[in-house]
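Raw protein09.pdb, PDB, C-alpha atoms, pLDDT in the B column:
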```
MODEL        1
ATOM      1  CA  MET U   1      93.820  99.732  81.482  1.00 50.00           C
ATOM      2  CA  GLY U   2      96.604 101.330  83.506  1.00 56.00           C
ATOM      3  CA  SER U   3      94.207 104.020  84.803  1.00 77.00           C
ATOM      4  CA  ILE U   4      92.878 101.887  87.664  1.00 91.00           C
ATOM      5  CA  ILE U   5      94.131 103.026  91.043  1.00 94.00           C
ATOM      6  CA  PHE U   6      94.221 100.100  93.433  1.00 96.00           C
ATOM      7  CA  PRO U   7      94.311 100.435  97.220  1.00 97.00           C
ATOM      8  CA  PRO U   8      97.908 100.041  98.440  1.00 96.00           C
ATOM      9  CA  GLU U   9      97.048  97.100 100.713  1.00 97.00           C
ATOM     10  CA  LEU U  10      95.558  95.207  97.762  1.00 97.00           C
ATOM     11  CA  VAL U  11      98.660  95.719  95.623  1.00 97.00           C
ATOM     12  CA  GLN U  12     100.852  94.696  98.576  1.00 97.00           C
ATOM     13  CA  ALA U  13      98.818  91.526  99.097  1.00 98.00           C
ATOM     14  CA  GLN U  14      99.299  90.648  95.412  1.00 97.00           C
ATOM     15  CA  ARG U  15     103.053  91.351  95.686  1.00 97.00           C
ATOM     16  CA  ASP U  16     103.249  89.131  98.769  1.00 97.00           C
ATOM     17  CA  TRP U  17     101.349  86.390  96.932  1.00 97.00           C
ATOM     18  CA  ASN U  18     103.783  86.613  93.995  1.00 96.00           C
ATOM     19  CA  SER U  19     106.875  86.454  96.219  1.00 95.00           C
ATOM     20  CA  THR U  20     105.466  83.555  98.245  1.00 94.00           C
ATOM     21  CA  TYR U  21     104.701  81.630  95.078  1.00 92.00           C
ATOM     22  CA  GLN U  22     108.273  82.192  93.888  1.00 92.00           C
ATOM     23  CA  ALA U  23     109.640  81.026  97.237  1.00 91.00           C
ATOM     24  CA  LEU U  24     107.619  77.819  96.949  1.00 91.00           C
ATOM     25  CA  ALA U  25     109.321  77.107  93.635  1.00 90.00           C
ATOM     26  CA  ALA U  26     112.785  77.166  95.229  1.00 86.00           C
ATOM     27  CA  PRO U  27     114.678  73.880  95.271  1.00 86.00           C
ATOM     28  CA  CYS U  28     115.409  72.178  98.604  1.00 81.00           C
ATOM     29  CA  LEU U  29     112.565  73.893 100.384  1.00 77.00           C
ATOM     30  CA  ARG U  30     112.462  73.134 104.110  1.00 80.00           C
ATOM     31  CA  ASN U  31     109.688  73.879 106.589  1.00 76.00           C
ATOM     32  CA  SER U  32     107.293  74.585 103.773  1.00 83.00           C
ATOM     33  CA  THR U  33     104.025  74.090 105.665  1.00 87.00           C
ATOM     34  CA  VAL U  34     103.698  77.748 106.645  1.00 85.00           C
ATOM     35  CA  LEU U  35     104.809  78.844 103.205  1.00 89.00           C
ATOM     36  CA  ARG U  36     102.188  76.610 101.559  1.00 90.00           C
ATOM     37  CA  ARG U  37      99.422  78.085 103.693  1.00 93.00           C
ATOM     38  CA  ARG U  38     100.392  81.675 102.998  1.00 94.00           C
ATOM     39  CA  PRO U  39      99.117  81.842  99.374  1.00 94.00           C
ATOM     40  CA  LEU U  40      95.745  80.542 100.543  1.00 95.00           C
ATOM     41  CA  HIS U  41      95.488  83.292 103.128  1.00 97.00           C
ATOM     42  CA  LEU U  42      96.644  85.950 100.663  1.00 97.00           C
ATOM     43  CA  SER U  43      94.273  84.694  97.958  1.00 97.00           C
ATOM     44  CA  ALA U  44      91.351  85.082 100.342  1.00 97.00           C
ATOM     45  CA  ARG U  45      92.506  88.575 101.308  1.00 97.00           C
ATOM     46  CA  ILE U  46      92.728  89.570  97.640  1.00 97.00           C
ATOM     47  CA  GLN U  47      89.469  87.890  96.612  1.00 97.00           C
ATOM     48  CA  TRP U  48      87.351  89.439  99.367  1.00 97.00           C
ATOM     49  CA  HIS U  49      88.855  92.925  99.349  1.00 98.00           C
ATOM     50  CA  PRO U  50      86.104  95.607  99.239  1.00 97.00           C
ATOM     51  CA  PHE U  51      87.687  97.121  96.105  1.00 98.00           C
ATOM     52  CA  TRP U  52      86.094  94.408  93.962  1.00 97.00           C
ATOM     53  CA  ALA U  53      82.619  95.691  94.884  1.00 96.00           C
ATOM     54  CA  SER U  54      83.413  99.143  93.460  1.00 95.00           C
ATOM     55  CA  ASP U  55      82.717 100.178  89.873  1.00 93.00           C
ATOM     56  CA  SER U  56      86.425 100.002  88.993  1.00 91.00           C
ATOM     57  CA  GLY U  57      86.773  96.531  90.479  1.00 95.00           C
ATOM     58  CA  ARG U  58      83.849  94.957  88.654  1.00 93.00           C
ATOM     59  CA  SER U  59      85.649  94.585  85.335  1.00 91.00           C
ATOM     60  CA  THR U  60      87.426  91.320  84.642  1.00 88.00           C
ATOM     61  CA  ALA U  61      90.404  93.257  83.343  1.00 94.00           C
ATOM     62  CA  ALA U  62      90.923  94.835  86.778  1.00 96.00           C
ATOM     63  CA  ARG U  63      92.228  91.561  88.210  1.00 95.00           C
ATOM     64  CA  VAL U  64      94.704  91.216  85.360  1.00 95.00           C
ATOM     65  CA  GLU U  65      95.776  94.824  85.840  1.00 96.00           C
ATOM     66  CA  LEU U  66      96.336  94.226  89.566  1.00 96.00           C
ATOM     67  CA  ARG U  67      98.707  91.353  88.814  1.00 95.00           C
ATOM     68  CA  ARG U  68     100.501  93.433  86.167  1.00 95.00           C
ATOM     69  CA  GLN U  69     100.929  96.413  88.493  1.00 95.00           C
ATOM     70  CA  ALA U  70     102.168  94.228  91.340  1.00 96.00           C
ATOM     71  CA  ARG U  71     104.783  92.612  89.075  1.00 93.00           C
ATOM     72  CA  THR U  72     105.887  95.988  87.690  1.00 90.00           C
ATOM     73  CA  ASP U  73     106.125  97.519  91.180  1.00 74.00           C
ATOM     74  CA  SER U  74     108.160  94.540  92.399  1.00 67.00           C
ATOM     75  CA  ARG U  75     110.615  94.803  89.521  1.00 68.00           C
ATOM     76  CA  THR U  76     111.015  98.546  90.044  1.00 67.00           C
ATOM     77  CA  ALA U  77     111.649  98.061  93.763  1.00 64.00           C
ATOM     78  CA  ALA U  78     114.208  95.314  93.064  1.00 61.00           C
ATOM     79  CA  ARG U  79     116.155  97.585  90.716  1.00 61.00           C
ATOM     80  CA  ALA U  80     116.084 100.492  93.164  1.00 62.00           C
ATOM     81  CA  GLY U  81     117.089  98.366  96.163  1.00 61.00           C
TER      82      GLY U  81
ENDMDL
END
```
Encoded form using structure tokens:
Amino acid sequence: MGSIIFPPELVQAQRDWNSTYQALAAPCLRNSTVLRRRPLHLSARIQWHPFWASDSGRSTAARVELRRQARTDSRTAARAG
């Protein structure tokens, strides 16, 4: 399934969603109201992205592949940085 090429802004939105979710899991979280709203905004951006109307985006596996690619890209960037 790795042959799907996602738009960069869609992958970035998924990466941002992942990092926000991790930040929410941090102990002693202060001023979390903005942080709690961010995943809702990002979820809407991901859900309503025009990519999902394309032939590649119609498969159920595409959503799983997006999450996998975003996690892999994040890990690669963390090692390089």
Which residue of U:Ala53, U:Ala62, U:Ile46, U:Ala25 approaches Glu9 of chain U most closely, using all atoms listed in the file: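 Answer, going by the shortest atom-to-atom distance: U:Ile46.
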Atomic distance atom CA of Phe6 of chain U - atom CA of Leu35 of chain U, expressed in Å with one decimal: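 So the answer is 25.7 Å.
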Spatial neighbours of Ile5 of chain U, max dist 12 Å, all atoms listed in the file, sep filter under 5 positions, as a list in words: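 Residues near the query, excluding close chain neighbours: Leu10, Val11, Phe51, Ser54, Asp55, Ser56, Gly57, Ala62, Arg63, Glu65, Leu66, Gln69 and Ala70 of chain U.
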Counting all atoms listed in the file, the residue of U:Ala26, U:Val34, U:Arg58, U:Gln14 that sits nearest Thr72 of chain U: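 Comparing U:Ala26, U:Val34, U:Arg58, U:Gln14 against Thr72 of chain U, the winner is U:Gln14.
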Counting only C-alpha atoms, the option among U:Arg67, U:Pro8, U:Ser3, U:Ala13 closest to Trp48 of chain U: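 Looking only at the distances to Trp48 of chain U, the closest residue turns out to be U:Ala13.
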Hits from the PyMOL selection byres ((chain U and resi 17-20) around 8), listed as a count of residues only: 14
Distance in Å - atom CA of Ile4 of chain U versus atom CA of Val64 of chain U: 11.1 Å
Might I get the box with edges along x, y and z of the file that holds all atoms of segment 45-48 of chain U listed there, padded by 8 Å on every side, given as centre and edge lengths in Å to one decimal, as AutoDock Vina command-line options?
```
--center_x 90.0 --center_y 88.7 --center_z 99.0 --size_x 21.4 --size_y 17.7 --size_z 20.7
```
Complete the atom set of segment 40-60 of chain U to N, CA, C and O atoms and return it as an mmCIF file, keeping the file's coordinate frame.
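Produced file rebuild11.cif, reproduced below:
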```cif
data_model
loop_
_atom_site.group_PDB
_atom_site.id
_atom_site.type_symbol
_atom_site.label_atom_id
_atom_site.label_comp_id
_atom_site.auth_asym_id
_atom_site.auth_seq_id
_atom_site.Cartn_x
_atom_site.Cartn_y
_atom_site.Cartn_z
ATOM 1 N N LEU U 40 97.186 80.701 100.310
ATOM 2 C CA LEU U 40 95.745 80.542 100.543
ATOM 3 C C LEU U 40 95.190 81.739 101.305
ATOM 4 O O LEU U 40 94.142 82.287 100.962
ATOM 5 N N HIS U 41 95.905 82.138 102.332
ATOM 6 C CA HIS U 41 95.488 83.292 103.128
ATOM 7 C C HIS U 41 95.480 84.564 102.272
ATOM 8 O O HIS U 41 94.534 85.352 102.309
ATOM 9 N N LEU U 42 96.546 84.758 101.504
ATOM 10 C CA LEU U 42 96.644 85.950 100.663
ATOM 11 C C LEU U 42 95.593 85.951 99.556
ATOM 12 O O LEU U 42 95.036 87.000 99.230
ATOM 13 N N SER U 43 95.308 84.783 98.994
ATOM 14 C CA SER U 43 94.273 84.694 97.958
ATOM 15 C C SER U 43 92.919 85.123 98.509
ATOM 16 O O SER U 43 92.167 85.839 97.840
ATOM 17 N N ALA U 44 92.614 84.686 99.717
ATOM 18 C CA ALA U 44 91.351 85.082 100.342
ATOM 19 C C ALA U 44 91.323 86.589 100.595
ATOM 20 O O ALA U 44 90.305 87.249 100.363
ATOM 21 N N ARG U 45 92.445 87.132 101.057
ATOM 22 C CA ARG U 45 92.506 88.575 101.308
ATOM 23 C C ARG U 45 92.282 89.357 100.014
ATOM 24 O O ARG U 45 91.572 90.370 100.004
ATOM 25 N N ILE U 46 92.885 88.895 98.928
ATOM 26 C CA ILE U 46 92.728 89.570 97.640
ATOM 27 C C ILE U 46 91.298 89.406 97.125
ATOM 28 O O ILE U 46 90.657 90.369 96.719
ATOM 29 N N GLN U 47 90.800 88.191 97.150
ATOM 30 C CA GLN U 47 89.469 87.890 96.612
ATOM 31 C C GLN U 47 88.365 88.684 97.302
ATOM 32 O O GLN U 47 87.440 89.160 96.660
ATOM 33 N N TRP U 48 88.438 88.820 98.615
ATOM 34 C CA TRP U 48 87.351 89.439 99.367
ATOM 35 C C TRP U 48 87.606 90.895 99.722
ATOM 36 O O TRP U 48 86.887 91.480 100.528
ATOM 37 N N HIS U 49 88.582 91.512 99.090
ATOM 38 C CA HIS U 49 88.855 92.925 99.349
ATOM 39 C C HIS U 49 87.663 93.762 98.866
ATOM 40 O O HIS U 49 87.101 93.496 97.794
ATOM 41 N N PRO U 50 87.259 94.778 99.622
ATOM 42 C CA PRO U 50 86.104 95.607 99.239
ATOM 43 C C PRO U 50 86.258 96.317 97.893
ATOM 44 O O PRO U 50 85.259 96.710 97.285
ATOM 45 N N PHE U 51 87.475 96.462 97.400
ATOM 46 C CA PHE U 51 87.687 97.121 96.105
ATOM 47 C C PHE U 51 86.890 96.451 94.995
ATOM 48 O O PHE U 51 86.382 97.116 94.099
ATOM 49 N N TRP U 52 86.756 95.138 95.039
ATOM 50 C CA TRP U 52 86.094 94.408 93.962
ATOM 51 C C TRP U 52 84.596 94.711 93.879
ATOM 52 O O TRP U 52 83.963 94.434 92.864
ATOM 53 N N ALA U 53 84.031 95.301 94.907
ATOM 54 C CA ALA U 53 82.619 95.691 94.884
ATOM 55 C C ALA U 53 82.421 97.077 94.261
ATOM 56 O O ALA U 53 81.300 97.473 93.971
ATOM 57 N N SER U 54 83.508 97.808 94.042
ATOM 58 C CA SER U 54 83.413 99.143 93.460
ATOM 59 C C SER U 54 83.242 99.047 91.947
ATOM 60 O O SER U 54 83.417 97.985 91.342
ATOM 61 N N ASP U 55 82.891 100.156 91.327
ATOM 62 C CA ASP U 55 82.717 100.178 89.873
ATOM 63 C C ASP U 55 84.005 99.805 89.147
ATOM 64 O O ASP U 55 83.982 99.069 88.166
ATOM 65 N N SER U 56 85.131 100.311 89.633
ATOM 66 C CA SER U 56 86.425 100.002 88.993
ATOM 67 C C SER U 56 86.787 98.535 89.123
ATOM 68 O O SER U 56 87.425 97.963 88.250
ATOM 69 N N GLY U 57 86.398 97.913 90.218
ATOM 70 C CA GLY U 57 86.773 96.531 90.479
ATOM 71 C C GLY U 57 85.890 95.498 89.816
ATOM 72 O O GLY U 57 86.198 94.315 89.832
ATOM 73 N N ARG U 58 84.787 95.922 89.239
ATOM 74 C CA ARG U 58 83.849 94.957 88.654
ATOM 75 C C ARG U 58 84.315 94.403 87.310
ATOM 76 O O ARG U 58 83.860 93.346 86.898
ATOM 77 N N SER U 59 85.207 95.084 86.639
ATOM 78 C CA SER U 59 85.649 94.585 85.335
ATOM 79 C C SER U 59 86.621 93.425 85.509
ATOM 80 O O SER U 59 87.422 93.389 86.446
ATOM 81 N N THR U 60 86.533 92.478 84.612
ATOM 82 C CA THR U 60 87.426 91.320 84.642
ATOM 83 C C THR U 60 88.876 91.760 84.442
ATOM 84 O O THR U 60 89.796 91.201 85.035
#
```
